[in-house]
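The file structure.csv comes next; it holds CSV, C-alpha atoms.
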chain,number,residue,atom,x,y,z
L,1,MET,CA,-25.6,-12.1,-14.0
L,2,ASP,CA,-22.4,-12.5,-12.0
L,3,TRP,CA,-20.2,-9.5,-11.6
L,4,LEU,CA,-17.0,-9.6,-13.7
L,5,PHE,CA,-14.9,-7.2,-11.6
L,6,PRO,CA,-12.9,-7.2,-9.3
L,7,LEU,CA,-11.3,-10.3,-10.6
L,8,PHE,CA,-9.3,-11.4,-7.6
L,9,THR,CA,-11.6,-10.8,-4.6
L,10,THR,CA,-14.5,-12.6,-6.4
L,11,GLY,CA,-12.3,-15.6,-6.9
L,12,GLN,CA,-11.9,-15.4,-10.7
L,13,ILE,CA,-8.1,-15.3,-10.8
L,14,THR,CA,-5.5,-17.1,-8.7
L,15,SER,CA,-3.3,-15.4,-6.2
L,16,ASN,CA,-0.3,-15.9,-8.3
L,17,LEU,CA,-1.9,-14.4,-11.4
L,18,ASN,CA,-3.0,-11.5,-9.3
L,19,LEU,CA,0.5,-10.9,-8.1
L,20,PHE,CA,1.8,-11.1,-11.7
L,21,ILE,CA,-0.6,-8.5,-12.9
L,22,GLY,CA,0.2,-6.5,-9.8
L,23,LEU,CA,3.7,-6.2,-11.0
L,24,PHE,CA,2.5,-4.6,-14.2
L,25,ILE,CA,0.1,-2.3,-12.4
L,26,GLY,CA,3.1,-1.2,-10.3
L,27,ILE,CA,5.2,-0.6,-13.5
L,28,GLY,CA,2.3,1.5,-14.9
L,29,PHE,CA,2.1,3.4,-11.6
L,30,GLY,CA,5.8,4.1,-11.4
L,31,PHE,CA,6.0,5.1,-15.1
L,32,VAL,CA,3.2,7.6,-14.7
L,33,LEU,CA,4.6,9.0,-11.5
L,34,GLU,CA,7.9,9.7,-13.1
L,35,LYS,CA,6.4,11.2,-16.3
L,36,ALA,CA,4.1,13.4,-14.1
L,37,GLY,CA,7.2,14.9,-12.5
L,38,PHE,CA,6.8,13.2,-9.1
L,39,GLY,CA,10.4,11.8,-9.3
L,40,THR,CA,11.9,14.9,-7.8
L,41,SER,CA,11.3,16.4,-4.3
L,42,LYS,CA,11.2,19.9,-5.7
L,43,HIS,CA,7.9,19.3,-7.5
L,44,ILE,CA,6.4,18.0,-4.3
L,45,ALA,CA,7.8,20.5,-1.8
L,46,THR,CA,7.0,23.6,-3.9
L,47,VAL,CA,3.3,22.7,-3.9
L,48,PHE,CA,3.2,23.9,-0.3
L,49,TYR,CA,4.5,27.3,-1.4
L,50,PHE,CA,2.0,27.5,-4.3
L,51,ARG,CA,4.8,27.7,-6.8
L,52,ASN,CA,4.0,24.5,-8.6
L,53,LEU,CA,0.5,22.9,-9.0
L,54,ARG,CA,1.7,19.8,-10.9
L,55,VAL,CA,1.2,17.4,-8.1
L,56,THR,CA,-2.2,18.6,-6.9
L,57,GLN,CA,-3.5,18.9,-10.5
L,58,THR,CA,-2.4,15.3,-11.2
L,59,MET,CA,-4.0,14.1,-8.0
L,60,ILE,CA,-7.3,15.9,-8.7
L,61,ALA,CA,-7.5,14.5,-12.3
L,62,ALA,CA,-6.6,11.0,-11.0
L,63,ILE,CA,-9.4,11.1,-8.4
L,64,VAL,CA,-12.0,12.4,-10.9
L,65,THR,CA,-10.9,9.7,-13.5
L,66,ALA,CA,-10.9,6.8,-11.0
L,67,THR,CA,-14.3,7.7,-9.6
L,68,THR,CA,-15.7,8.1,-13.1
L,69,TRP,CA,-14.5,4.6,-14.1
L,70,VAL,CA,-16.0,3.2,-10.9
L,71,VAL,CA,-19.3,4.8,-11.5
L,72,ILE,CA,-19.5,3.7,-15.1
L,73,PHE,CA,-18.5,0.1,-14.4
L,74,SER,CA,-20.8,-0.2,-11.4
L,75,TYR,CA,-23.7,1.4,-13.2
L,76,MET,CA,-23.3,-1.0,-16.1
L,77,GLY,CA,-23.2,-3.9,-13.7
L,78,TRP,CA,-19.7,-4.9,-14.7
L,79,MET,CA,-18.2,-4.3,-11.2
L,80,ASP,CA,-19.3,-5.1,-7.6
L,81,PHE,CA,-17.6,-2.2,-5.8
L,82,SER,CA,-18.4,-3.6,-2.4
L,83,LYS,CA,-15.8,-6.3,-3.2
L,84,VAL,CA,-13.1,-3.6,-3.6
L,85,PHE,CA,-11.1,-2.9,-0.5
L,86,ILE,CA,-11.0,0.7,0.6
L,87,PRO,CA,-9.5,1.7,3.9
L,88,ILE,CA,-11.7,1.9,7.0
L,89,THR,CA,-12.2,5.4,8.3
L,90,TYR,CA,-10.6,6.2,11.7
L,91,VAL,CA,-11.4,9.9,12.2
L,92,TRP,CA,-8.9,11.0,14.8
L,93,PRO,CA,-5.9,8.9,13.8
L,94,TYR,CA,-6.4,10.1,10.2
L,95,LEU,CA,-6.5,13.8,11.3
L,96,VAL,CA,-3.4,13.5,13.4
L,97,GLY,CA,-1.7,11.2,11.0
L,98,GLY,CA,-2.4,13.7,8.2
L,99,ILE,CA,-0.7,16.5,10.2
L,100,ILE,CA,2.4,14.5,10.9
L,101,PHE,CA,2.5,13.3,7.3
L,102,GLY,CA,2.2,16.9,6.0
L,103,ALA,CA,5.0,18.0,8.2
L,104,GLY,CA,7.2,15.1,7.0
L,105,MET,CA,6.3,15.8,3.4
L,106,VAL,CA,7.3,19.5,3.3
L,107,MET,CA,10.4,18.7,5.4
L,108,SER,CA,11.6,15.9,3.1
L,109,GLY,CA,10.0,16.7,-0.2
L,110,TRP,CA,8.9,13.1,-0.6
L,111,CYS,CA,6.0,10.7,0.1
L,112,PRO,CA,6.4,6.9,0.1
L,113,GLY,CA,5.3,6.2,-3.5
L,114,THR,CA,7.4,9.0,-5.1
L,115,SER,CA,10.5,8.2,-2.9
L,116,VAL,CA,11.0,4.8,-4.5
L,117,VAL,CA,10.9,6.4,-8.0
L,118,GLY,CA,13.4,9.0,-6.8
L,119,MET,CA,15.6,6.3,-5.2
L,120,VAL,CA,16.0,4.2,-8.4
L,121,THR,CA,16.6,7.3,-10.5
L,122,GLY,CA,19.6,8.5,-8.4
L,123,LYS,CA,18.1,11.0,-6.0
L,124,VAL,CA,20.3,10.9,-2.9
L,125,ASP,CA,17.6,12.6,-0.8
L,126,ALA,CA,15.2,9.9,-1.8
L,127,VAL,CA,17.5,7.2,-0.6
L,128,ILE,CA,17.9,8.8,2.8
L,129,PHE,CA,14.2,9.3,3.0
L,130,VAL,CA,13.6,5.6,2.3
L,131,VAL,CA,16.1,4.7,5.1
L,132,GLY,CA,14.2,7.2,7.4
L,133,MET,CA,10.9,5.5,6.6
L,134,LEU,CA,12.2,2.0,7.4
L,135,VAL,CA,13.5,3.4,10.8
L,136,GLY,CA,10.2,5.2,11.3
L,137,MET,CA,8.2,2.0,10.8
L,138,LEU,CA,10.3,0.4,13.6
L,139,VAL,CA,9.6,3.3,15.9
L,140,TYR,CA,5.9,2.8,15.3
L,141,PHE,CA,6.1,-1.0,15.8
L,142,GLN,CA,8.0,-0.6,19.1
L,143,THR,CA,5.9,2.2,20.6
L,144,TYR,CA,2.4,1.0,19.3
L,145,PRO,CA,1.2,-0.3,22.7
L,146,TYR,CA,1.4,3.2,24.2
L,147,PHE,CA,-1.2,4.7,21.8
L,148,GLU,CA,-3.0,1.6,20.6
L,149,ASN,CA,-6.3,3.0,21.8
L,150,PHE,CA,-5.9,6.3,20.0
L,151,ALA,CA,-4.8,4.6,16.8
L,152,ASN,CA,-8.1,2.7,16.7
L,153,SER,CA,-10.4,5.5,17.8
L,154,GLY,CA,-13.1,7.1,15.7
L,155,ASN,CA,-13.7,3.9,13.8
L,156,LEU,CA,-16.5,4.4,11.3
L,157,GLY,CA,-15.9,1.3,9.3
L,158,ARG,CA,-16.1,1.4,5.5
L,159,TYR,CA,-17.4,5.0,5.5
L,160,THR,CA,-18.2,6.4,2.0
L,161,ILE,CA,-19.5,9.9,1.3
L,162,ASP,CA,-23.1,8.6,0.7
L,163,LYS,CA,-23.1,7.2,4.2
L,164,LEU,CA,-22.4,10.6,5.6
L,165,VAL,CA,-24.7,12.7,3.5
L,166,GLY,CA,-27.3,10.2,2.2
L,167,GLY,CA,-27.9,9.1,-1.4
L,168,ASP,CA,-25.7,6.6,-3.2
L,169,MET,CA,-22.5,6.2,-5.1
L,170,PHE,CA,-24.0,7.4,-8.4
L,171,THR,CA,-25.4,10.6,-6.9
L,172,THR,CA,-24.0,12.2,-3.8
L,173,SER,CA,-20.7,10.3,-3.5
L,174,TYR,CA,-19.7,11.1,-7.1
L,175,LEU,CA,-21.0,14.7,-7.0
L,176,VAL,CA,-19.3,15.6,-3.6
L,177,THR,CA,-16.1,14.1,-4.9
L,178,ILE,CA,-16.2,16.3,-8.0
L,179,ILE,CA,-17.1,19.3,-5.9
L,180,LEU,CA,-14.2,18.7,-3.5
L,181,ALA,CA,-11.8,18.1,-6.4
L,182,ILE,CA,-12.8,21.2,-8.2
L,183,GLY,CA,-12.8,23.2,-5.0
L,184,LEU,CA,-9.3,22.1,-4.2
L,185,GLY,CA,-8.2,22.9,-7.7
L,186,VAL,CA,-9.7,26.4,-7.6
L,187,PHE,CA,-8.1,27.0,-4.1
L,188,MET,CA,-4.6,26.0,-5.3
L,189,HIS,CA,-5.0,28.1,-8.5
L,190,THR,CA,-6.1,31.2,-6.6
L,191,MET,CA,-3.3,30.9,-4.1
L,192,LYS,CA,-0.8,30.5,-6.9
L,193,ARG,CA,-2.0,33.7,-8.5
L,194,VAL,CA,-1.7,35.6,-5.2
L,195,VAL,CA,1.8,34.2,-4.6
L,196,ASP,CA,2.9,34.9,-8.2
L,197,LYS,CA,1.7,38.5,-8.0
L,198,LYS,CA,3.5,39.0,-4.7
L,199,ARG,CA,6.7,37.5,-6.0
L,200,SER,CA,6.6,39.7,-9.2
L,201,LEU,CA,6.1,42.8,-7.0
L,202,GLU,CA,9.1,41.8,-4.9
L,203,ASN,CA,11.3,41.4,-7.9
L,204,GLU,CA,10.4,44.8,-9.3
B,1,MET,CA,14.5,20.9,-22.3
B,2,GLU,CA,14.0,18.7,-19.3
B,3,LYS,CA,10.6,20.1,-18.5
B,4,LYS,CA,9.3,19.3,-22.0
B,5,SER,CA,9.4,15.6,-21.4
B,6,TYR,CA,7.1,15.7,-18.4
B,7,TRP,CA,3.5,15.1,-19.3
B,8,ASN,CA,0.7,17.6,-18.9
B,9,PRO,CA,-0.7,17.1,-15.3
B,10,ILE,CA,-4.3,16.5,-16.5
B,11,PHE,CA,-3.1,13.8,-18.9
B,12,SER,CA,-0.9,12.3,-16.1
B,13,GLY,CA,-3.8,12.4,-13.7
B,14,PHE,CA,-6.1,10.6,-16.3
B,15,LEU,CA,-3.6,7.8,-16.6
B,16,LEU,CA,-2.9,7.6,-12.9
B,17,GLY,CA,-6.6,7.4,-12.2
B,18,THR,CA,-6.9,4.7,-14.9
B,19,VAL,CA,-4.1,2.6,-13.4
B,20,LEU,CA,-5.8,3.0,-10.0
B,21,PHE,CA,-9.0,1.7,-11.5
B,22,ILE,CA,-7.3,-1.2,-13.1
B,23,ALA,CA,-5.9,-2.1,-9.6
B,24,TYR,CA,-9.5,-2.0,-8.2
B,25,ALA,CA,-10.8,-4.1,-11.1
B,26,VAL,CA,-8.1,-6.8,-11.0
B,27,ALA,CA,-6.8,-7.0,-7.4
B,28,GLY,CA,-9.9,-5.5,-5.7
B,29,GLN,CA,-7.7,-3.0,-3.9
B,30,GLY,CA,-6.1,0.3,-4.8
B,31,ILE,CA,-2.4,1.1,-5.4
B,32,GLY,CA,-0.2,1.8,-2.4
B,33,ALA,CA,3.3,2.2,-1.1
B,34,SER,CA,3.7,2.6,2.6
B,35,GLY,CA,2.5,-0.9,3.4
B,36,ALA,CA,5.5,-2.3,1.5
B,37,PHE,CA,7.9,-0.2,3.7
B,38,ALA,CA,6.2,-1.5,6.8
B,39,ARG,CA,6.5,-5.1,5.6
B,40,THR,CA,10.2,-4.6,4.7
B,41,THR,CA,11.0,-3.3,8.2
B,42,ALA,CA,9.0,-6.1,9.8
B,43,GLN,CA,10.8,-8.8,7.7
B,44,LEU,CA,14.3,-7.2,8.5
B,45,SER,CA,13.5,-7.0,12.2
B,46,TYR,CA,12.3,-10.6,12.2
B,47,LEU,CA,15.6,-11.8,10.5
B,48,ILE,CA,17.6,-10.0,13.2
B,49,ASP,CA,15.4,-11.2,16.0
B,50,PRO,CA,12.8,-14.0,15.5
B,51,ASN,CA,11.0,-12.9,18.7
B,52,PHE,CA,9.8,-9.9,16.6
B,53,ALA,CA,7.1,-12.2,15.3
B,54,THR,CA,5.1,-11.5,18.4
B,55,ASN,CA,5.3,-7.6,18.0
B,56,ALA,CA,2.0,-6.1,18.9
B,57,TYR,CA,1.6,-4.3,15.6
B,58,ALA,CA,3.9,-5.9,13.1
B,59,GLY,CA,3.1,-9.5,14.1
B,60,LYS,CA,0.2,-9.6,11.7
B,61,TYR,CA,2.6,-9.2,8.8
B,62,LEU,CA,4.5,-12.3,9.8
B,63,ARG,CA,1.6,-14.5,10.6
B,64,HIS,CA,1.6,-16.1,7.1
B,65,GLY,CA,5.4,-16.5,6.8
B,66,ASN,CA,7.5,-14.0,4.9
B,67,ALA,CA,6.1,-10.4,5.4
B,68,LEU,CA,7.2,-9.6,1.9
B,69,GLY,CA,4.9,-12.1,0.2
B,70,ASN,CA,2.2,-9.7,-0.5
B,71,TRP,CA,0.6,-7.9,-3.4
B,72,ILE,CA,1.7,-4.4,-2.2
B,73,VAL,CA,5.3,-5.4,-2.2
B,74,VAL,CA,5.2,-6.8,-5.7
B,75,GLU,CA,3.3,-3.7,-6.8
B,76,LEU,CA,6.0,-1.4,-5.3
B,77,ILE,CA,8.8,-3.4,-7.0
B,78,GLY,CA,6.9,-2.7,-10.2
B,79,THR,CA,6.7,1.0,-9.3
B,80,MET,CA,10.5,1.1,-9.1
B,81,ILE,CA,10.9,-0.7,-12.5
B,82,GLY,CA,8.3,1.6,-14.1
B,83,GLY,CA,9.9,4.8,-12.7
B,84,PHE,CA,13.3,3.7,-13.7
B,85,ILE,CA,12.2,2.9,-17.3
B,86,SER,CA,10.5,6.3,-17.7
B,87,ALA,CA,13.5,8.2,-16.2
B,88,LEU,CA,15.9,6.2,-18.4
B,89,PHE,CA,14.1,7.1,-21.6
B,90,ALA,CA,13.8,10.8,-20.5
B,91,GLY,CA,17.5,10.9,-19.7
B,92,ARG,CA,16.8,11.7,-16.0
B,93,VAL,CA,18.7,8.9,-14.3
B,94,LYS,CA,21.6,10.6,-12.5
B,95,GLN,CA,22.9,11.1,-9.0
B,96,SER,CA,21.7,14.3,-7.5
B,97,THR,CA,20.1,15.9,-4.5
B,98,ASP,CA,17.3,18.4,-5.0
B,99,LYS,CA,17.5,21.4,-2.7
B,100,GLY,CA,17.3,25.2,-2.7
B,101,ASP,CA,20.2,27.4,-3.9
B,102,GLY,CA,23.1,27.4,-1.4
B,103,TYR,CA,21.4,25.1,1.1
B,104,PRO,CA,23.8,22.8,2.9
B,105,ILE,CA,23.6,19.3,1.7
B,106,SER,CA,24.0,17.8,5.1
B,107,LYS,CA,21.0,19.7,6.5
B,108,ARG,CA,19.0,18.7,3.4
B,109,LEU,CA,19.8,15.0,4.0
B,110,PHE,CA,19.1,15.3,7.7
B,111,PHE,CA,15.6,16.7,7.0
B,112,ALA,CA,15.0,14.0,4.3
B,113,PHE,CA,15.8,11.4,7.0
B,114,LEU,CA,13.7,13.0,9.8
B,115,GLY,CA,10.9,13.5,7.3
B,116,GLY,CA,11.1,9.8,6.4
B,117,ILE,CA,10.6,8.9,10.1
B,118,LEU,CA,7.6,11.2,10.5
B,119,VAL,CA,6.0,10.1,7.2
B,120,ALA,CA,6.4,6.4,8.1
B,121,PHE,CA,4.9,6.9,11.6
B,122,ALA,CA,2.0,8.9,10.1
B,123,THR,CA,1.2,6.2,7.5
B,124,ARG,CA,0.6,3.6,10.3
B,125,LEU,CA,-1.8,5.9,12.1
B,126,ALA,CA,-3.5,6.8,8.8
B,127,ARG,CA,-3.4,3.3,7.4
B,128,GLY,CA,-1.7,4.5,4.2
B,129,CYS,CA,-0.1,7.4,2.4
B,130,THR,CA,-0.8,9.7,-0.4
B,131,SER,CA,-1.3,6.6,-2.7
B,132,GLY,CA,-2.8,4.0,-0.5
B,133,GLN,CA,-5.0,6.2,1.6
B,134,ALA,CA,-5.6,9.6,-0.1
B,135,LEU,CA,-5.7,8.5,-3.8
B,136,SER,CA,-7.0,5.0,-3.4
B,137,GLY,CA,-9.5,6.0,-0.7
B,138,ALA,CA,-10.8,9.1,-2.5
B,139,GLY,CA,-11.2,7.0,-5.7
B,140,GLY,CA,-13.5,4.8,-3.7
B,141,PHE,CA,-15.5,7.7,-2.1
B,142,SER,CA,-14.0,7.2,1.3
B,143,VAL,CA,-14.6,10.0,3.8
B,144,GLY,CA,-11.4,9.1,5.7
B,145,ALA,CA,-9.3,9.6,2.6
B,146,TRP,CA,-10.4,13.2,2.4
B,147,ILE,CA,-9.9,13.8,6.1
B,148,PHE,CA,-6.3,12.5,5.7
B,149,MET,CA,-5.6,14.3,2.4
B,150,LEU,CA,-6.9,17.7,3.5
B,151,SER,CA,-5.1,17.4,6.9
B,152,ALA,CA,-1.8,16.4,5.2
B,153,PHE,CA,-1.9,19.2,2.6
B,154,GLY,CA,-3.1,21.7,5.2
B,155,ALA,CA,-0.3,20.8,7.6
B,156,GLY,CA,2.3,20.9,4.8
B,157,MET,CA,1.2,24.5,4.1
B,158,LEU,CA,1.2,25.3,7.8
B,159,PHE,CA,4.8,24.0,8.3
B,160,ALA,CA,6.1,25.3,4.9
B,161,PRO,CA,7.5,28.6,6.3
B,162,LEU,CA,9.9,26.6,8.5
B,163,PHE,CA,11.5,25.0,5.4
B,164,ARG,CA,11.5,28.0,3.0
B,165,LYS,CA,15.3,28.1,2.8
B,166,GLN,CA,15.5,24.5,1.9
B,167,TRP,CA,13.4,25.0,-1.2
B,168,LYS,CA,14.5,28.5,-2.1
B,169,GLY,CA,14.6,29.2,-5.8
B,170,LEU,CA,13.1,25.9,-6.9

In structure tokens, what does this structure look like?
Amino acid sequence: MDWLFPLFTTGQITSNLNLFIGLFIGIGFGFVLEKAGFGTSKHIATVFYFRNLRVTQTMIAAIVTATTWVVIFSYMGWMDFSKVFIPITYVWPYLVGGIIFGAGMVMSGWCPGTSVVGMVTGKVDAVIFVVGMLVGMLVYFQTYPYFENFANSGNLGRYTIDKLVGGDMFTTSYLVTIILAIGLGVFMHTMKRVVDKKRSLENE
Amino acid sequence: MEKKSYWNPIFSGFLLGTVLFIAYAVAGQGIGASGAFARTTAQLSYLIDPNFATNAYAGKYLRHGNALGNWIVVELIGTMIGGFISALFAGRVKQSTDKGDGYPISKRLFFAFLGGILVAFATRLARGCTSGQALSGAGGFSVGAWIFMLSAFGAGMLFAPLFRKQWKGL
């Protein structure tokens, strides 16, 4: 039997229909981001001080949910996940990119997706962040030749967890994802308790 | 009052993960954001100077005509519409700047701008952001997504003491 999903990359829907549905996927994304509390920089920045776990809890639940859907649909034969694009792994650029990204995030209180929600709901800091991002893109475009080699180093291709540790999507990949997600959740929760305790002692 | 109308994070996460899965299932790619920013800058640069079409990095966006004619741009326009609708019904559309108590607004906006530059630069190295790389990659079991995510959150915690005043009391 032919796989049903993904619809576009298996040629079952036209590019225009894909774009049209994409608009609604975006609307859903924006609606959930705002309802989750991602439309304000304070909920994003305070994560790094362990005062607010809203953002990490949402991310963890989203990753667990998405991987669970992928596993169910693939197992039932409804989806060919090899036809779904996931970014290629470049070890060193991702590590360094992550560090710069983290610094920018705690400095600004925004990331790209949340900033557009902040921008349309009247957050001035989000508007300025968006302008900064457009400028930052130009900086990258104009300086790219100087670090092109680094930007493409450590290329492992489409590198999923099962390629690293063996097994397949339904066993190791899913299990390691759940363990990482729970581990991150427990770490954040523990840190928040420590910080809460310290703050209440300071206030006494 | 305001806090009540936010959803429970686990519920939000369930819906966010489901939206991500729908993107996989329909478009064959995850949800993203930073790519639309890159394309916007590329298109604006091209309108100002047509020679920009040969840019070593951004030339690829202009190869098929308008850099904005792409799924990620349409999706991000949708994100703005969805975010606006939600905030409108929750009574949260109003002009404001989030910052710590007594922190100067000019400094807050300066760091928002500088942070934007850093974040944009980082997304090109990392081929995506918290949405397109971390969330959409991890939802597809990518090792790189976890490298980026743990690196970004770790760095955020590392640099957090430098910006403590900016977020004081929040």

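Using only C-alpha atoms, the smallest distance between any of L:Thr172, L:Thr9, L:Asn18, L:Thr190 and L:Val71 comes from L:Thr172.
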
Sorted by chain and rising residue number, which residues of stretch 70-90 of chain B lie within 7 Å of stretch 22-41 of chain L, and what are their closest atom pairs and distances in Å to one decimal, counting all atoms listed in the file, as CSV?
residue,atom,partner,partner_atom,distance
B:Trp71,CA,L:Gly22,CA,6.6
B:Val74,CA,L:Leu23,CA,5.5
B:Glu75,CA,L:Gly26,CA,4.3
B:Leu76,CA,L:Gly26,CA,5.8
B:Ile77,CA,L:Gly26,CA,6.9
B:Gly78,CA,L:Gly26,CA,4.1
B:Thr79,CA,L:Gly30,CA,3.9
B:Met80,CA,L:Gly30,CA,6.0
B:Ile81,CA,L:Ile27,CA,5.8
B:Gly82,CA,L:Ile27,CA,3.8
B:Gly83,CA,L:Gly30,CA,4.4
B:Ile85,CA,L:Phe31,CA,6.9
B:Ser86,CA,L:Phe31,CA,5.3
B:Ala87,CA,L:Glu34,CA,6.6

What's around L:Phe5 at 9 Å? Count only C-alpha atoms, leave out sequence neighbours fewer than 4 positions away in its own chain, and write the answer as a list of chain:residue names. L:Thr9, L:Thr10, L:Gln12, L:Phe73, L:Trp78, L:Met79, L:Asp80, L:Phe81, L:Lys83, L:Val84, B:Tyr24, B:Ala25, B:Val26, B:Gly28

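Taking all atoms listed in the file into account, chain B lies nearest to L:Val91 out of the set L:Val91, L:Leu201, L:Val165, L:Leu17.
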
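Within the 7 Å cut-off around stretch 147-157 of chain L, using all atoms listed in the file and omitting residues fewer than 3 positions from it on the same chain, the listed residues are Ile88, Thr89, Tyr90, Val91, Trp92, Pro93 and Tyr144 of chain L; Leu125 of chain B.
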
re atom CA of L:Ile60 and atom CA of L:Met188: distance 11.0 Å

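Residues surrounding B:Leu114 within 9 Å are Gly104, Met107, Ser108, Phe129, Gly132, Met133 and Gly136 of chain L [only C-alpha atoms; sequence separation below 6 positions excluded].
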
Atom pair atom CA of B:Leu109 + atom CA of L:Asp125, distance 5.8 Å

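What separates atom CA of B:Leu158 from atom CA of B:Gly13 is a distance of 25.6 Å.
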
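Every protein, DNA or RNA residue with an atom at most 7 Å from L:Asn52, where all atoms listed in the file count and chain neighbours fewer than 4 positions away do not, is listed here: His43, Thr46 and Val47 of chain L.
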
request  = Find the residues near L:Lys123: any atom within 12 Å, counting all atoms listed in the file, skip ones fewer than 2 places away on the same chain, and give them as a ChimeraX atom specification.
outcome  = /L:38-42,109-110,114-121,125-130 /B:84,87,92-99,109,112

Counting all atoms listed in the file, the residue among B:Gln29, B:Ser151, B:Ser12, B:Thr54 that lies closest to L:Gln142 is B:Thr54

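Closest approach to B:Phe11 among L:Ile178, L:Val55, L:Ala62, L:Ala45: L:Ala62, based on only C-alpha atoms.
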
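Using all atoms listed in the file for every distance, the candidate list B:Gly35, B:Gly156, B:Leu44, B:Phe110 yields B:Gly156 as the residue closest to chain L.
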
query = Which protein, DNA or RNA residues have an atom at most 12 Å from (13.2, -10.6, 15.4), counting only C-alpha atoms? List them as a PyMOL selection string.
reply = (chain L and resi 138+141-142) or (chain B and resi 41-55+58-59+62)

Judged by all atoms listed in the file, the minimum distance to chain L among B:Pro161, B:Pro104, B:Ile117, B:Gln166 is found for B:Ile117
